[in-house]
file model25.txt (compact mmCIF, C-alpha atoms)
# COMPACT_ATOMS: atom_id res chain seq x y z
CA MET A 560 -118.43 66.09 125.49
CA GLU A 561 -119.07 64.04 122.36
CA LEU A 562 -122.12 61.94 121.43
CA PHE A 563 -121.46 59.09 119.01
CA ARG A 564 -123.75 56.38 117.64
CA VAL A 565 -125.93 55.82 120.67
CA PRO A 566 -129.70 55.18 120.42
CA LEU A 567 -131.64 58.10 118.94
CA PHE A 568 -133.90 58.59 121.98
CA THR A 569 -130.87 58.77 124.25
CA GLN A 570 -129.24 61.28 121.93
CA LEU A 571 -132.31 63.50 121.89
CA LEU A 572 -132.52 63.56 125.67
CA ALA A 573 -128.90 64.57 125.85
CA PHE A 574 -129.51 67.10 123.10
CA GLN A 575 -132.24 68.73 125.20
CA PHE A 576 -130.45 68.90 128.52
CA LEU A 577 -126.68 68.91 128.08
CA THR A 578 -125.72 72.47 127.27
CA ILE A 579 -121.99 71.72 127.39
CA VAL A 580 -122.08 69.37 124.40
CA LYS A 581 -119.66 70.41 121.64
CA ARG A 582 -119.84 67.67 118.98
CA LEU A 583 -122.86 65.76 117.68
CA TYR A 584 -122.96 62.97 115.08
CA TYR A 585 -126.31 62.02 113.52
CA LYS A 586 -125.45 59.60 110.75
CA HIS A 587 -127.80 57.18 108.95
CA LEU A 588 -130.67 58.02 111.33
CA ASP A 589 -133.09 59.28 108.66
CA LEU A 590 -133.95 62.36 110.71
CA GLN A 591 -136.88 64.54 109.68
CA VAL A 592 -136.62 68.31 109.86
CA SER A 593 -139.35 68.40 112.54
CA VAL A 594 -136.93 66.64 114.91
CA LEU A 595 -134.30 69.34 114.47
CA ALA A 596 -136.70 72.28 114.47
CA GLY A 597 -138.24 71.12 117.74
CA LEU A 598 -134.99 71.01 119.63
CA THR A 599 -132.80 73.67 121.14
CA LEU A 600 -129.25 73.25 119.95
CA PRO A 601 -126.76 73.91 122.75
CA SER A 602 -124.99 77.23 122.39
CA SER A 603 -121.70 75.43 123.09
CA LEU A 604 -122.07 73.24 119.97
CA THR A 605 -119.14 73.67 117.57
CA TYR A 606 -119.45 70.51 115.40
CA LEU A 607 -122.60 69.00 113.90
CA SER A 608 -122.69 66.13 111.42
CA LEU A 609 -125.98 65.15 109.75
CA THR A 610 -124.35 63.10 106.99
CA ASP A 611 -126.32 60.48 105.05
CA ASN A 612 -129.71 61.38 106.49
CA THR A 613 -131.56 61.01 103.21
CA ASN A 614 -134.97 61.91 104.67
CA LEU A 615 -133.76 65.28 105.89
CA THR A 616 -135.28 67.18 102.97
CA SER A 617 -135.46 70.69 104.40
CA LEU A 618 -133.59 72.77 106.94
CA ALA A 619 -136.17 75.55 107.18
CA GLY A 620 -136.80 76.61 110.77
CA VAL A 621 -133.51 75.28 112.10
CA THR A 622 -131.68 77.74 114.33
CA TRP A 623 -127.95 77.16 114.37
CA PRO A 624 -125.80 77.88 117.43
CA SER A 625 -123.74 81.03 117.04
CA ASN A 626 -120.56 79.10 117.95
CA LEU A 627 -121.00 76.40 115.30
CA GLN A 628 -117.74 75.95 113.37
CA GLU A 629 -118.21 72.69 111.44
CA LEU A 630 -121.41 71.59 109.68
CA TYR A 631 -121.49 68.40 107.62
CA LEU A 632 -124.53 67.77 105.41
CA ALA A 633 -122.92 65.35 102.95
CA GLY A 634 -125.42 62.83 101.64
CA CYS A 635 -128.39 64.65 103.17
CA GLY A 636 -131.67 64.79 101.32
CA VAL A 637 -131.65 68.59 101.31
CA ALA A 638 -133.78 69.23 98.23
CA GLY A 639 -134.80 72.23 96.16
CA ASN A 640 -132.80 75.38 96.65
CA LEU A 641 -130.81 76.86 99.50
CA SER A 642 -132.88 79.98 100.15
CA ALA A 643 -134.13 78.64 103.48
CA LEU A 644 -130.70 77.57 104.68
CA THR A 645 -129.08 80.26 106.80
CA ILE A 646 -125.72 79.15 108.12
CA PRO A 647 -124.00 81.26 110.77
CA ASP A 648 -120.91 83.17 109.74
CA SER A 649 -118.97 81.31 112.43
CA VAL A 650 -118.91 78.14 110.26
CA THR A 651 -115.43 77.54 108.80
CA LYS A 652 -116.03 74.00 107.48
CA LEU A 653 -119.10 73.00 105.46
CA SER A 654 -119.94 69.96 103.34
CA LEU A 655 -122.89 69.66 100.97
CA ALA A 656 -121.34 66.87 98.89
CA GLY A 657 -123.66 64.09 97.77
CA SER A 658 -126.80 65.99 98.73
CA THR A 659 -130.02 65.98 96.68
CA LEU A 660 -129.85 69.69 95.93
CA THR A 661 -131.19 70.54 92.48
CA SER A 662 -130.22 74.20 92.31
CA LEU A 663 -127.81 76.73 93.80
CA THR A 664 -130.41 79.48 93.77
CA GLY A 665 -130.31 81.35 97.06
CA LEU A 666 -126.86 80.06 98.00
CA THR A 667 -125.23 82.14 100.73
CA LEU A 668 -121.91 81.02 102.12
CA PRO A 669 -120.79 81.92 105.65
CA ALA A 670 -118.22 84.70 105.81
CA SER A 671 -115.65 82.59 107.68
CA LEU A 672 -115.57 79.77 105.11
CA THR A 673 -112.19 78.99 103.52
CA ASN A 674 -110.91 76.92 100.60
CA SER A 675 -109.93 74.00 102.83
CA GLY A 676 -113.24 74.20 104.67
CA PHE A 677 -115.33 73.86 101.49
CA SER A 678 -113.30 71.45 99.39
CA TYR A 679 -115.42 68.99 97.34
CA ALA A 680 -118.32 71.37 98.01
CA PHE A 681 -121.10 69.74 95.95
CA LYS A 682 -119.21 66.72 94.66
CA ASN A 683 -121.30 63.71 93.66
CA SER A 684 -124.62 65.59 93.95
CA ASP A 685 -126.31 63.91 91.01
CA ASN A 686 -129.64 65.78 91.36
CA LEU A 687 -127.90 69.12 90.88
CA THR A 688 -128.81 70.48 87.44
CA ASP A 689 -128.97 74.27 87.75
CA LEU A 690 -125.75 76.20 88.40
CA THR A 691 -127.02 79.64 87.38
CA GLY A 692 -127.03 80.56 91.07
CA LEU A 693 -123.25 80.92 90.76
CA THR A 694 -123.73 84.01 88.62
CA GLY A 695 -123.39 87.05 90.85
CA LEU A 696 -122.57 84.93 93.89
CA THR A 697 -120.52 86.81 96.48
CA LEU A 698 -117.82 84.52 97.82
CA PRO A 699 -116.28 84.83 101.29
CA ALA A 700 -112.83 86.41 101.28
CA GLY A 701 -111.31 83.02 102.14
CA ILE A 702 -112.75 81.28 99.05
CA THR A 703 -110.60 81.59 95.93
CA SER A 704 -110.75 77.99 94.72
CA MET A 705 -113.58 75.96 93.19
CA ALA A 706 -111.44 72.85 92.87
CA SER A 707 -113.61 69.70 92.61
CA TRP A 708 -116.76 71.64 93.54
CA PHE A 709 -118.96 69.85 90.97
CA SER A 710 -116.94 66.75 90.16
CA GLU A 711 -119.03 63.63 89.55
CA CYS A 712 -122.29 65.63 89.39
CA ASP A 713 -123.84 63.64 86.56
CA GLY A 714 -127.09 65.65 86.49
CA ILE A 715 -125.40 68.75 85.09
CA THR A 716 -125.98 68.80 81.32
CA ASN A 717 -125.18 72.38 80.29
CA LEU A 718 -123.57 75.52 81.68
CA ASP A 719 -125.56 78.12 79.75
CA GLY A 720 -125.73 81.41 81.61
CA VAL A 721 -123.27 80.29 84.28
CA THR A 722 -120.51 82.71 85.30
CA ILE A 723 -117.68 81.73 87.61
CA PRO A 724 -117.52 84.40 90.37
CA ASN A 725 -114.76 86.96 89.93
CA GLY A 726 -111.89 86.36 92.31
CA VAL A 727 -111.85 82.59 91.84
CA THR A 728 -108.35 81.51 90.81
CA ARG A 729 -108.56 77.71 90.65
CA LEU A 730 -110.95 75.48 88.72
CA ASN A 731 -108.87 72.34 89.19
CA SER A 732 -111.05 69.26 88.55
CA CYS A 733 -114.09 71.51 88.96
CA PHE A 734 -116.26 69.48 86.55
CA GLN A 735 -114.17 66.33 86.35
CA ASN A 736 -116.14 63.14 85.71
CA CYS A 737 -119.43 64.96 85.06
CA LYS A 738 -120.66 62.26 82.69
CA GLY A 739 -123.88 64.09 81.76
CA LEU A 740 -122.28 67.43 80.87
CA VAL A 741 -122.80 68.10 77.15
CA ASP A 742 -122.51 71.85 76.60
CA ALA A 743 -120.03 74.06 78.47
CA GLY A 744 -119.92 76.67 75.71
CA GLY A 745 -122.03 79.13 77.71
CA LEU A 746 -119.71 79.12 80.72
CA THR A 747 -118.03 82.47 81.41
CA ILE A 748 -114.61 82.19 83.04
CA PRO A 749 -113.19 85.42 84.53
CA SER A 750 -109.61 86.56 84.10
CA SER A 751 -108.95 85.87 87.78
CA VAL A 752 -108.85 82.12 87.00
CA ASP A 753 -105.25 80.96 86.47
CA ASN A 754 -105.47 77.19 86.88
CA MET A 755 -107.77 74.66 85.14
CA PHE A 756 -105.86 71.45 85.88
CA TYR A 757 -108.14 68.52 84.80
CA CYS A 758 -111.14 70.87 84.89
CA PHE A 759 -113.24 68.87 82.38
CA ALA A 760 -111.35 65.58 82.49
CA ASN A 761 -113.46 62.52 81.67
CA CYS A 762 -116.57 64.51 80.79
CA THR A 763 -117.33 61.88 78.18
CA SER A 764 -120.49 63.56 76.85
CA LEU A 765 -118.98 67.04 76.51
CA THR A 766 -119.27 68.36 72.95
CA THR A 767 -118.83 72.13 73.37
CA ALA A 768 -115.98 73.77 75.29
CA PRO A 769 -115.89 77.23 76.89
CA VAL A 770 -113.38 79.92 75.92
CA ILE A 771 -110.23 79.41 78.01
CA PRO A 772 -108.89 82.80 79.19
CA SER A 773 -105.32 84.02 78.74
CA SER A 774 -104.92 84.11 82.52
CA VAL A 775 -104.53 80.31 82.49
CA SER A 776 -101.17 80.62 80.69
CA PRO A 777 -98.64 78.31 82.39
CA THR A 778 -95.52 79.71 84.02
CA ALA A 779 -92.21 78.23 85.10
CA SER A 780 -93.46 77.90 88.66
CA SER A 781 -96.99 76.80 87.73
CA TYR A 782 -96.62 74.73 84.58
CA GLN A 783 -99.62 72.38 85.07
CA ARG A 784 -102.37 74.95 84.58
CA LEU A 785 -103.65 73.30 81.38
CA GLN A 786 -102.72 69.72 82.23
CA GLY A 787 -105.50 67.22 81.63
CA LEU A 788 -107.93 70.02 80.73
CA PHE A 789 -110.01 67.97 78.27
CA LYS A 790 -108.54 64.55 78.93
CA GLY A 791 -111.04 61.78 78.20
CA CYS A 792 -113.56 64.13 76.56
CA THR A 793 -114.29 61.63 73.81
CA SER A 794 -117.28 63.55 72.41
CA LEU A 795 -115.57 66.95 72.17
CA SER A 796 -116.18 68.57 68.80
CA GLY A 797 -116.37 71.82 66.84
CA THR A 798 -114.18 74.85 67.56
CA ILE A 799 -112.12 75.23 70.73
CA THR A 800 -110.71 78.62 71.70
CA ILE A 801 -107.77 78.70 74.08
CA ASN A 802 -106.33 82.17 74.73
CA ALA A 803 -103.64 80.88 77.10
CA LYS A 804 -100.06 80.99 75.83
CA THR A 805 -97.54 78.20 76.34
CA SER A 806 -93.76 78.09 76.03
CA GLU A 807 -93.07 74.39 76.66
CA ASN A 808 -94.44 71.19 75.12
CA SER A 809 -95.04 69.86 78.63
CA HIS A 810 -97.61 72.60 79.27
CA TRP A 811 -100.08 70.54 77.21
CA SER A 812 -99.51 67.30 79.11
CA GLU A 813 -102.64 65.11 78.86
CA ALA A 814 -104.74 68.16 77.88
CA PHE A 815 -106.32 66.39 74.86
CA ASP A 816 -105.67 62.74 75.65
CA ASP A 817 -108.39 60.51 74.14
CA VAL A 818 -109.99 63.43 72.29
CA ASP A 819 -110.95 62.32 68.76
CA PRO A 820 -109.19 64.68 66.28
CA THR A 821 -111.70 63.83 63.55
CA LYS A 822 -114.44 65.53 65.58
CA ILE A 823 -112.48 68.75 66.05
CA ASP A 824 -112.97 71.45 63.40
CA LYS A 825 -110.54 73.99 64.77
CA ILE A 826 -108.41 74.88 67.78
CA LYS A 827 -107.73 78.61 68.09
CA VAL A 828 -104.60 79.67 70.01
CA PRO A 829 -102.89 83.07 70.46
CA ASP A 830 -99.44 82.56 68.89
CA ALA A 831 -97.06 80.30 66.99
CA PRO A 832 -95.10 78.93 70.00
CA THR A 833 -98.36 77.83 71.58
CA ARG A 834 -99.40 76.05 68.38
CA ASN A 835 -96.02 74.37 68.08
CA ASN A 836 -96.15 73.17 71.69
CA LEU A 837 -99.65 71.80 71.19
CA LEU A 838 -98.80 69.98 67.94
CA ALA A 839 -95.66 68.48 69.48
CA ASN A 840 -97.97 66.64 71.88
CA TYR A 841 -100.86 66.05 69.49
CA PRO A 842 -99.63 65.85 65.86
CA ALA A 843 -103.02 64.47 64.79
CA PHE A 844 -104.37 68.02 65.12
CA ALA A 845 -102.11 69.23 62.28
CA GLY A 846 -103.99 71.58 59.96
CA LYS A 847 -106.60 72.32 62.61
CA VAL A 848 -104.70 74.66 64.93
CA PHE A 849 -104.89 78.33 63.97
CA ILE A 850 -103.19 81.35 65.51
CA LEU A 851 -104.69 84.77 66.05
CA GLY A 852 -104.45 86.95 62.94
CA GLU A 853 -103.90 84.28 60.32
CA ASP A 854 -106.30 83.07 57.67
CA GLY A 855 -108.66 80.48 59.03
CA TYR A 856 -108.74 81.77 62.61
CA ASN A 857 -112.11 83.49 62.23
CA ASP A 858 -113.51 81.53 59.28

call {"tool": "encode", "arguments": {"input": "model25.txt", "output": "structure tokens"}}
result
Amino acid sequence: MELFRVPLFTQLLAFQFLTIVKRLYYKHLDLQVSVLAGLTLPSSLTYLSLTDNTNLTSLAGVTWPSNLQELYLAGCGVAGNLSALTIPDSVTKLSLAGSTLTSLTGLTLPASLTNSGFSYAFKNSDNLTDLTGLTGLTLPAGITSMASWFSECDGITNLDGVTIPNGVTRLNSCFQNCKGLVDAGGLTIPSSVDNMFYCFANCTSLTTAPVIPSSVSPTASSYQRLQGLFKGCTSLSGTITINAKTSENSHWSEAFDDVDPTKIDKIKVPDAPTRNNLLANYPAFAGKVFILGEDGYND
């Protein structure tokens, strides 16, 4: 049985007495946590959507059904940290996009969660400022991608002390369109990451870039790993270290589009072919690209 947009009182009555209900939609109802905590969720419930309930500021005291598979909290007013949010391991699809979360401290992801079930994880959560909770985070076995996780989160200003969990392979568009991001120099990227397609694209305030690991080196079968990496980063400046090797000019497609070469002091790359490929796309960087071992690389 499914309950759609019927009057709230009617929904609550059904919520109390219909134990065979499987899907519930509570959208734009401005629910308070006391409403949820005072109800017994049917054990048969597999799908629950609380999207766009901006007044739902805490989920403490909520007991989730053990059979719950899909939980949608996009646009909810879930504030503070996630330490009080215990989601059953049965959940395979979860959305926290557009919430009012400010921190990832206390984040625990259900064991059954997969890449497809957590795509756009925190996208467009503008109150989110603290990502240090990622450091040391244990990811479910099914999560290897952080593609678009923090895209359009304009409240993030720096990534000091943030470490991407080991085992993550994809950072595609991870921070794309984060207009408030200024300093990513403190971000630690593990060697498990092999794709950063448009990772920082259109971060227009970004001045400091992280070290890009050698594991992001493009291959014949995966040639877009660096594509669009810093596209539209009009404030990017200083020294940029990219340890990835390239063998084709196309491997740098859009990587530095709209970056102002006058603001860049140095780009450090591992070898001559990589430098040649980069300069073939961006000749304005001539004299600023240095390879490992030559004079100027460590100056």

call {"tool": "closest_residue", "arguments": {"input": "model25.txt", "among": "A:Leu693, A:Leu851, A:Leu698, A:Leu838", "to": "Asn674 (chain A)", "atoms": "all atoms listed in the file"}}
result
A:Leu698

call {"tool": "closest_residue", "arguments": {"input": "model25.txt", "among": "A:Gly620, A:Gly720, A:Gly855, A:Gly714", "to": "Lys827 (chain A)", "atoms": "only C-alpha atoms"}}
result
A:Gly855

call {"tool": "closest_residue", "arguments": {"input": "model25.txt", "among": "A:Pro829, A:Pro601, A:Pro724, A:Gly787", "to": "Ile850 (chain A)", "atoms": "only C-alpha atoms"}}
result
A:Pro829

call {"tool": "atom_distance", "arguments": {"input": "model25.txt", "atom1": "CA of Asp753 (chain A)", "atom2": "CA of Met705 (chain A)"}}
result
11.8 Å

call {"tool": "closest_residue", "arguments": {"input": "model25.txt", "among": "A:Thr661, A:Thr833, A:Ser608, A:Thr821", "to": "Ile801 (chain A)", "atoms": "all atoms listed in the file"}}
result
A:Thr833

call {"tool": "residues_near_point", "arguments": {"input": "model25.txt", "point": "(-120.1, 71.9, 106.5)", "cutoff": "6 Å", "atoms": "only C-alpha atoms", "output": "MDAnalysis selection string"}}
result
chainID A and resid 629:631 652:654

call {"tool": "residues_around", "arguments": {"input": "model25.txt", "residues": "Thr716 (chain A)", "least_positions_apart": "2", "cutoff": "8 Å", "atoms": "all atoms listed in the file", "output": "PDB file with C-alpha atoms, in the frame of the given file"}}
result
ATOM      1  CA  THR A 688    -128.810  70.480  87.440  1.00  0.00           C
ATOM      2  CA  ASP A 713    -123.840  63.640  86.560  1.00  0.00           C
ATOM      3  CA  GLY A 714    -127.090  65.650  86.490  1.00  0.00           C
ATOM      4  CA  LEU A 718    -123.570  75.520  81.680  1.00  0.00           C
ATOM      5  CA  GLY A 739    -123.880  64.090  81.760  1.00  0.00           C
ATOM      6  CA  LEU A 740    -122.280  67.430  80.870  1.00  0.00           C
ATOM      7  CA  VAL A 741    -122.800  68.100  77.150  1.00  0.00           C
ATOM      8  CA  ASP A 742    -122.510  71.850  76.600  1.00  0.00           C
TER       9      ASP A 742
END

call {"tool": "residues_around", "arguments": {"input": "model25.txt", "residues": "Thr766 (chain A)", "least_positions_apart": "4", "cutoff": "8 Å", "atoms": "only C-alpha atoms", "output": "PyMOL selection string"}}
result
chain A and resi 741-743+792+794-797

call {"tool": "residues_around", "arguments": {"input": "model25.txt", "residues": "Asn857 (chain A)", "least_positions_apart": "6", "cutoff": "12 Å", "atoms": "all atoms listed in the file", "output": "PDB file with C-alpha atoms, in the coordinates of the input"}}
result
ATOM      1  CA  THR A 798    -114.180  74.850  67.560  1.00  0.00           C
ATOM      2  CA  ILE A 799    -112.120  75.230  70.730  1.00  0.00           C
ATOM      3  CA  THR A 800    -110.710  78.620  71.700  1.00  0.00           C
ATOM      4  CA  LYS A 825    -110.540  73.990  64.770  1.00  0.00           C
ATOM      5  CA  ILE A 826    -108.410  74.880  67.780  1.00  0.00           C
ATOM      6  CA  LYS A 827    -107.730  78.610  68.090  1.00  0.00           C
ATOM      7  CA  VAL A 828    -104.600  79.670  70.010  1.00  0.00           C
ATOM      8  CA  VAL A 848    -104.700  74.660  64.930  1.00  0.00           C
ATOM      9  CA  PHE A 849    -104.890  78.330  63.970  1.00  0.00           C
ATOM     10  CA  ILE A 850    -103.190  81.350  65.510  1.00  0.00           C
ATOM     11  CA  LEU A 851    -104.690  84.770  66.050  1.00  0.00           C
TER      12      LEU A 851
END

call {"tool": "closest_residue", "arguments": {"input": "model25.txt", "among": "A:Leu660, A:Ser780, A:Tyr757, A:Cys762", "to": "Ser812 (chain A)", "atoms": "all atoms listed in the file"}}
result
A:Tyr757

call {"tool": "decode", "arguments": {"input": "model25.txt", "residues": "region 679-703 of chain A", "atoms": "N, CA and C atoms", "output": "compact mmCIF listing (two decimals), in the first residue's frame"}}
result
# COMPACT_ATOMS: atom_id res chain seq x y z
N TYR A 679 25.04 11.95 -5.31
CA TYR A 679 24.66 13.32 -4.92
C TYR A 679 24.42 13.42 -3.41
N ALA A 680 25.20 12.71 -2.65
CA ALA A 680 24.99 12.52 -1.21
C ALA A 680 24.60 13.78 -0.44
N PHE A 681 25.46 14.81 -0.48
CA PHE A 681 25.22 16.04 0.28
C PHE A 681 25.09 17.25 -0.64
N LYS A 682 24.87 17.00 -1.90
CA LYS A 682 24.83 18.07 -2.89
C LYS A 682 23.89 19.20 -2.46
N ASN A 683 24.35 20.43 -2.71
CA ASN A 683 23.53 21.63 -2.48
C ASN A 683 23.16 21.81 -1.01
N SER A 684 24.02 21.33 -0.10
CA SER A 684 23.81 21.56 1.34
C SER A 684 24.66 22.77 1.73
N ASP A 685 24.11 23.94 1.60
CA ASP A 685 24.89 25.17 1.73
C ASP A 685 25.33 25.47 3.16
N ASN A 686 24.70 24.87 4.17
CA ASN A 686 25.11 25.09 5.55
C ASN A 686 26.30 24.21 5.95
N LEU A 687 26.64 23.26 5.12
CA LEU A 687 27.72 22.33 5.42
C LEU A 687 29.06 23.05 5.29
N THR A 688 29.81 23.12 6.39
CA THR A 688 31.09 23.82 6.40
C THR A 688 32.24 22.94 6.86
N ASP A 689 31.96 21.90 7.63
CA ASP A 689 33.01 21.09 8.25
C ASP A 689 33.00 19.68 7.68
N LEU A 690 34.06 19.35 6.92
CA LEU A 690 34.16 18.02 6.33
C LEU A 690 35.20 17.14 7.03
N THR A 691 35.71 17.58 8.17
CA THR A 691 36.74 16.79 8.84
C THR A 691 36.21 15.44 9.29
N GLY A 692 34.89 15.28 9.36
CA GLY A 692 34.31 13.99 9.71
C GLY A 692 34.60 12.91 8.69
N LEU A 693 35.05 13.31 7.49
CA LEU A 693 35.43 12.32 6.48
C LEU A 693 36.70 11.57 6.87
N THR A 694 37.57 12.26 7.61
CA THR A 694 38.84 11.66 8.00
C THR A 694 38.61 10.48 8.92
N GLY A 695 39.06 9.32 8.52
CA GLY A 695 38.87 8.12 9.32
C GLY A 695 37.52 7.46 9.14
N LEU A 696 36.69 8.01 8.25
CA LEU A 696 35.37 7.43 8.03
C LEU A 696 35.50 6.05 7.39
N THR A 697 34.79 5.08 7.95
CA THR A 697 34.74 3.74 7.36
C THR A 697 33.57 3.67 6.39
N LEU A 698 33.87 3.44 5.14
CA LEU A 698 32.82 3.38 4.12
C LEU A 698 32.30 1.96 3.97
N PRO A 699 31.01 1.80 3.66
CA PRO A 699 30.49 0.47 3.33
C PRO A 699 31.24 -0.11 2.13
N ALA A 700 31.28 -1.41 2.04
CA ALA A 700 32.02 -2.07 0.96
C ALA A 700 31.52 -1.63 -0.41
N GLY A 701 30.23 -1.27 -0.51
CA GLY A 701 29.64 -0.89 -1.79
C GLY A 701 29.88 0.54 -2.19
N ILE A 702 30.57 1.33 -1.35
CA ILE A 702 30.85 2.73 -1.66
C ILE A 702 32.31 2.89 -2.06
N THR A 703 32.55 3.17 -3.33
CA THR A 703 33.90 3.45 -3.82
C THR A 703 33.96 4.79 -4.54
